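Asks: First, the structure itself, so that you have it in front of you.
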Amino acid sequence: MSRDFTPPDLSDLPRDLSDSDRAVGAPSRDRDRSQRTAPTRAQRRTPERTPEDRRPEIQFRDGCAVLYERDRGYRLNQSEIRTIVELGKFRVIAANDLSAHAYAGNRQLAERDVHNLVRHGLVRTGMFEGPEAMPRELLTLTGRGHRLLRANRLASEGQAVYYGFVKPREANHDADLYRLYQKEAARIEANGGRNLCVILDYELKRKINREMARLGPEARPEIAARHGLQVVRNKIPVPDLRIEYQTREGDAARVNLELVTEHYRGRHVADKIHAGFSLYTPRGEADHLRRVLNQRELTAEILSL
């Protein structure tokens with residue numbers, strides 16, 4: 001689904017919670033810290049977290065912890081807490097994908113946790129038409145679940161968190177980004193990458209939109225460069241998903257990912273390629289995308305989910 005910014009005028013279950021969910025960019029205004037100058041090599045290395053940056057330690061007893069939102073407490077186990085964090089980071093996740101990746105294929109445990117979170121009013125489920133018109137269950141946080149996540153600072157400092165099926169028409173596309181992340185994360189980690197951070201297009205577009213309003217369209221190249229993007233045909237293409245991480249050597253790196261479906265027009269695909277995005281396609285649609293590229297005499301690596 002094409003989501004270019006065009007101005008109007010113009011892991012697995014046993015992974016430790018505290019270290020596995022580091023990401024950059026939160027929707028709240030007080031966490032917008034756009035860089036004005038290019039960082040030095042030393043600055044590009046991930047700094048040691050100070051005591052003020054660390055999230056409060058969750059106290060588990062008999063495998064569970066009691067978390068509070070306003071005056072209400074919730075007794076949750078570690079896998080339920082991790083599910084809340086995952087849903088907050090990605091907004092929408094397919095139930096089958098959550099089971100496969102966050103629960104290492106333990107579907108029974110995943111279903112039990114989701115049922116409990118729904119019963120508490122923290123998670124909402126919905127049936128949407130998936131691939132080949134087959135219905136599939138998608139999950140998202142409720143407003144209460146979102147407040148619980150933020151009140152207890154479950155996500156890492158600076159991590160954007162979301163909730164709700166905001167655009168039902170795009171829910172399936174958004175849900176597939178979780179699977180895309182898992183695929184690309186495996187490639188990064190196989191090459192020694194670590195401390196993976198997730199940034200969705202919502203956050204990038206929000207920051208670009210604000211800077212465009214303040215600086216005007218003539219600053220488009222500067223704004224794009226500041227966010228590690230490029231201007232293509234007088235627009236700033238924004239990826240569906242960005243992963244920022246540390247290389248084996250400790251340097252900062254990132255990859256911009258786009259999930260291209262058969263509904264993309266050739267011009268939009270070309271823009272994503274010129275912007276330097278890595279292209280993924282749903283299984284079975286790679287041949288269609290290759291034909292589109294051949295018609296425009298473009299070459300790009302195409303990866304399948």
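To be explicit about the labels: the chains of the structure tokens are called A, B, and onward in the order shown, and within each one the residues are counted from 1, while ligands get numbers from 1 in the order they are shown.
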Within 10 Å of Lys183 of chain A, counting only C-alpha atoms, which residues show up once you throw out same-chain ones fewer than 4 positions away? Write them as a list of chain:residue names, please.
Replies: A:Leu177, A:Tyr178, A:Arg179, A:Arg187, A:Ile188, A:Tyr280, A:Leu303, A:Ser304, A:Leu305
Asks: Residues of the last selection are to be written out with N, CA and C atoms, as a CSV table (one decimal), in the first residue's frame.
Replies:
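As a result, result.csv now contains:
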chain,number,residue,atom,x,y,z
A,177,LEU,N,3.1,-6.4,8.4
A,177,LEU,CA,4.4,-5.8,8.7
A,177,LEU,C,5.1,-6.5,9.9
A,178,TYR,N,4.3,-7.1,10.7
A,178,TYR,CA,4.9,-7.9,11.8
A,178,TYR,C,5.7,-9.1,11.3
A,179,ARG,N,5.1,-9.8,10.3
A,179,ARG,CA,5.8,-10.9,9.7
A,179,ARG,C,7.0,-10.4,8.9
A,187,ARG,N,17.5,-11.8,9.1
A,187,ARG,CA,18.6,-11.6,8.2
A,187,ARG,C,19.6,-10.7,8.9
A,188,ILE,N,19.1,-9.6,9.6
A,188,ILE,CA,20.0,-8.7,10.3
A,188,ILE,C,20.8,-9.4,11.4
A,280,TYR,N,9.6,-6.2,-0.1
A,280,TYR,CA,9.0,-7.5,0.2
A,280,TYR,C,7.7,-7.6,-0.5
A,303,LEU,N,12.0,-9.9,-2.0
A,303,LEU,CA,12.0,-10.9,-1.0
A,303,LEU,C,10.5,-11.2,-0.7
A,304,SER,N,10.2,-12.5,-0.4
A,304,SER,CA,8.9,-12.9,-0.2
A,304,SER,C,8.7,-13.2,1.3
A,305,LEU,N,7.5,-12.9,1.8
A,305,LEU,CA,7.1,-13.2,3.2
A,305,LEU,C,6.9,-14.7,3.3
Asks: Hey, what's within 10 Å of Ile302 of chain A if we count only C-alpha atoms and toss same-chain stuff fewer than 6 positions away? As a PyMOL selection string, please?
Replies: chain A and resi 260+278-281+286-287+289-290
Asks: With N, CA, C and O atoms retained, export the selected residues as a PDB file, in the first residue's frame.
Replies:
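Output contents, as saved in result.pdb:
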ATOM      1  N   VAL A 260       5.168  -4.548  -0.822  1.00  0.00           N
ATOM      2  CA  VAL A 260       4.560  -4.213  -2.108  1.00  0.00           C
ATOM      3  C   VAL A 260       3.573  -5.308  -2.492  1.00  0.00           C
ATOM      4  O   VAL A 260       3.927  -6.479  -2.552  1.00  0.00           O
ATOM      5  N   SER A 278      14.045  -1.602   0.599  1.00  0.00           N
ATOM      6  CA  SER A 278      14.067  -3.044   0.367  1.00  0.00           C
ATOM      7  C   SER A 278      12.629  -3.504   0.183  1.00  0.00           C
ATOM      8  O   SER A 278      11.754  -3.151   0.989  1.00  0.00           O
ATOM      9  N   LEU A 279      12.379  -4.281  -0.867  1.00  0.00           N
ATOM     10  CA  LEU A 279      11.020  -4.660  -1.228  1.00  0.00           C
ATOM     11  C   LEU A 279      10.696  -6.083  -0.790  1.00  0.00           C
ATOM     12  O   LEU A 279      11.441  -7.024  -1.082  1.00  0.00           O
ATOM     13  N   TYR A 280       9.588  -6.216  -0.099  1.00  0.00           N
ATOM     14  CA  TYR A 280       9.023  -7.521   0.227  1.00  0.00           C
ATOM     15  C   TYR A 280       7.664  -7.620  -0.464  1.00  0.00           C
ATOM     16  O   TYR A 280       6.985  -6.607  -0.684  1.00  0.00           O
ATOM     17  N   THR A 281       7.270  -8.828  -0.765  1.00  0.00           N
ATOM     18  CA  THR A 281       5.963  -9.041  -1.377  1.00  0.00           C
ATOM     19  C   THR A 281       5.307 -10.244  -0.723  1.00  0.00           C
ATOM     20  O   THR A 281       6.010 -11.180  -0.297  1.00  0.00           O
ATOM     21  N   ALA A 286       5.305 -12.300  -6.127  1.00  0.00           N
ATOM     22  CA  ALA A 286       6.618 -11.858  -6.600  1.00  0.00           C
ATOM     23  C   ALA A 286       6.681 -11.805  -8.122  1.00  0.00           C
ATOM     24  O   ALA A 286       7.283 -10.893  -8.703  1.00  0.00           O
ATOM     25  N   ASP A 287       6.063 -12.758  -8.795  1.00  0.00           N
ATOM     26  CA  ASP A 287       6.103 -12.783 -10.265  1.00  0.00           C
ATOM     27  C   ASP A 287       5.425 -11.554 -10.851  1.00  0.00           C
ATOM     28  O   ASP A 287       5.908 -10.972 -11.831  1.00  0.00           O
ATOM     29  N   LEU A 289       5.197  -8.627  -9.439  1.00  0.00           N
ATOM     30  CA  LEU A 289       6.073  -7.477  -9.208  1.00  0.00           C
ATOM     31  C   LEU A 289       7.242  -7.478 -10.190  1.00  0.00           C
ATOM     32  O   LEU A 289       7.633  -6.424 -10.696  1.00  0.00           O
ATOM     33  N   ARG A 290       7.779  -8.642 -10.497  1.00  0.00           N
ATOM     34  CA  ARG A 290       8.887  -8.710 -11.457  1.00  0.00           C
ATOM     35  C   ARG A 290       8.433  -8.246 -12.838  1.00  0.00           C
ATOM     36  O   ARG A 290       9.188  -7.594 -13.563  1.00  0.00           O
TER      37      ARG A 290
END
Asks: Find the distance between atom CA of Thr125 of chain A and atom CA of Tyr74 of chain A and write it in Å to one decimal.
Replies: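 So the answer is 19.1 Å.
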Asks: Pull the closest atom pair for each residue of segment 182-271 of chain A that gets at most 9 Å from segment 148-166 of chain A, along with the distance in Å to one decimal, counting only C-alpha atoms, ordering rows by chain and then ascending residue number, as CSV.
Replies:
residue,atom,partner,partner_atom,distance
A:Cys197,CA,A:Gln159,CA,8.3
A:Val198,CA,A:Gln159,CA,7.8
A:Ile199,CA,A:Ala160,CA,7.4
A:Leu200,CA,A:Ala160,CA,8.3
A:Glu203,CA,A:Ala160,CA,7.5
Asks: Go ahead and write the residues just picked, C-alpha atoms, as an mmCIF file, in the first residue's frame.
Replies:
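Just written: result-v6.cif:
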data_model
loop_
_atom_site.group_PDB
_atom_site.id
_atom_site.type_symbol
_atom_site.label_atom_id
_atom_site.label_comp_id
_atom_site.auth_asym_id
_atom_site.auth_seq_id
_atom_site.Cartn_x
_atom_site.Cartn_y
_atom_site.Cartn_z
ATOM 1 C CA CYS A 197 14.532 -0.833 16.833
ATOM 2 C CA VAL A 198 11.151 -0.501 15.114
ATOM 3 C CA ILE A 199 9.742 2.654 13.511
ATOM 4 C CA LEU A 200 6.431 2.534 11.635
ATOM 5 C CA GLU A 203 5.873 8.163 13.180
#
Asks: So which residues of segment 24-248 of chain A fall under helix (DSSP H, G or I) by DSSP, listed as a ChimeraX atom specification?
Replies: /A:29-31,41-44,78-90,95-102,107-119,131-133,143-151,168-190,201-215,217-226
Asks: Write out as a PDB file with N, CA, C and O atoms, in the first residue's frame which residues come within 12 Å of Arg72 of chain A when counting only C-alpha atoms, dropping same-chain ones fewer than 6 positions away.
Replies:
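Result file is out_23.pdb:
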ATOM      1  N   VAL A  66       1.493  -7.808  39.040  1.00  0.00           N
ATOM      2  CA  VAL A  66       0.283  -6.983  39.077  1.00  0.00           C
ATOM      3  C   VAL A  66       0.645  -5.597  38.554  1.00  0.00           C
ATOM      4  O   VAL A  66       1.492  -4.905  39.129  1.00  0.00           O
ATOM      5  N   HIS A 120      -9.869  -9.065  30.085  1.00  0.00           N
ATOM      6  CA  HIS A 120      -9.516  -7.895  30.903  1.00  0.00           C
ATOM      7  C   HIS A 120      -9.816  -6.582  30.182  1.00  0.00           C
ATOM      8  O   HIS A 120      -9.671  -5.502  30.778  1.00  0.00           O
ATOM      9  N   GLY A 121     -10.185  -6.634  28.913  1.00  0.00           N
ATOM     10  CA  GLY A 121     -10.445  -5.405  28.168  1.00  0.00           C
ATOM     11  C   GLY A 121      -9.186  -4.712  27.692  1.00  0.00           C
ATOM     12  O   GLY A 121      -9.215  -3.515  27.366  1.00  0.00           O
ATOM     13  N   ARG A 144      -7.598   1.012  26.869  1.00  0.00           N
ATOM     14  CA  ARG A 144      -7.189   0.632  28.221  1.00  0.00           C
ATOM     15  C   ARG A 144      -5.850  -0.083  28.197  1.00  0.00           C
ATOM     16  O   ARG A 144      -4.981   0.170  29.033  1.00  0.00           O
ATOM     17  N   GLY A 145      -5.664  -0.978  27.220  1.00  0.00           N
ATOM     18  CA  GLY A 145      -4.388  -1.677  27.104  1.00  0.00           C
ATOM     19  C   GLY A 145      -3.250  -0.731  26.798  1.00  0.00           C
ATOM     20  O   GLY A 145      -2.130  -0.870  27.319  1.00  0.00           O
ATOM     21  N   ARG A 147      -3.125   2.460  27.652  1.00  0.00           N
ATOM     22  CA  ARG A 147      -2.844   3.230  28.866  1.00  0.00           C
ATOM     23  C   ARG A 147      -2.035   2.396  29.865  1.00  0.00           C
ATOM     24  O   ARG A 147      -1.133   2.908  30.525  1.00  0.00           O
ATOM     25  N   LEU A 148      -2.357   1.109  29.983  1.00  0.00           N
ATOM     26  CA  LEU A 148      -1.615   0.236  30.884  1.00  0.00           C
ATOM     27  C   LEU A 148      -0.160   0.122  30.437  1.00  0.00           C
ATOM     28  O   LEU A 148       0.759   0.181  31.264  1.00  0.00           O
ATOM     29  N   ALA A 151       1.452   3.553  31.233  1.00  0.00           N
ATOM     30  CA  ALA A 151       1.519   3.854  32.662  1.00  0.00           C
ATOM     31  C   ALA A 151       2.631   3.071  33.347  1.00  0.00           C
ATOM     32  O   ALA A 151       3.252   3.561  34.292  1.00  0.00           O
TER      33      ALA A 151
END
Asks: Name the closest residue to Glu86 of chain A among the candidates A:Arg296, A:Glu69, A:Tyr103, A:Arg291; distances are taken between atoms, counting only C-alpha atoms.
Replies: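 Looking only at the distances to Glu86 of chain A, the closest residue turns out to be A:Tyr103.
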Asks: Need to verify the contact set: Leu76 of chain A, 7 Å, only C-alpha atoms, exclusion of same-chain residues closer than 4 positions in sequence. Can you return it as a PDB file with C-alpha atoms, in the first residue's frame?
Replies:
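The result, written out as selection_21.pdb:
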ATOM      1  CA  CYS A  64       2.841 -13.164  37.448  1.00  0.00           C
ATOM      2  CA  ALA A  65       3.016  -9.431  38.105  1.00  0.00           C
ATOM      3  CA  VAL A  66       0.283  -6.983  39.077  1.00  0.00           C
ATOM      4  CA  GLU A  80       0.903 -11.663  28.338  1.00  0.00           C
ATOM      5  CA  ILE A  81       3.007  -8.589  29.079  1.00  0.00           C
TER       6      ILE A  81
END
Asks: Quick one: residues within 8 Å of Leu138 of chain A, only C-alpha atoms, excluding same-chain residues fewer than 5 positions away - as a VMD selection string?
Replies: chain A and resid 92 to 95 125 to 128 172 175
Asks: From the DSSP assignment of the backbone, select every residue of segment 96-138 of chain A that is strand (DSSP E), and format the answer as a list in words.
Replies: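 Here are the strand (DSSP E) residues of segment 96-138 of chain A: Val123, Arg124, Thr125, Gly126, Met127, Phe128, Glu129, Pro135, Arg136, Glu137 and Leu138 of chain A.
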Asks: Using only C-alpha atoms, which residues sit within 12 Å of Leu109 of chain A once same-chain residues fewer than 4 positions away are excluded, as an MDAnalysis selection string?
Replies: chainID A and resid 13 77:80 83 95 98:100 102:105 113:116
Asks: Which neighbours of Gly228 of chain A fall inside 10 Å, counting only C-alpha atoms, when residues of the same chain fewer than 2 positions from it are skipped, and could you give them as a PyMOL selection string?
Replies: chain A and resi 222-226+230+254-256
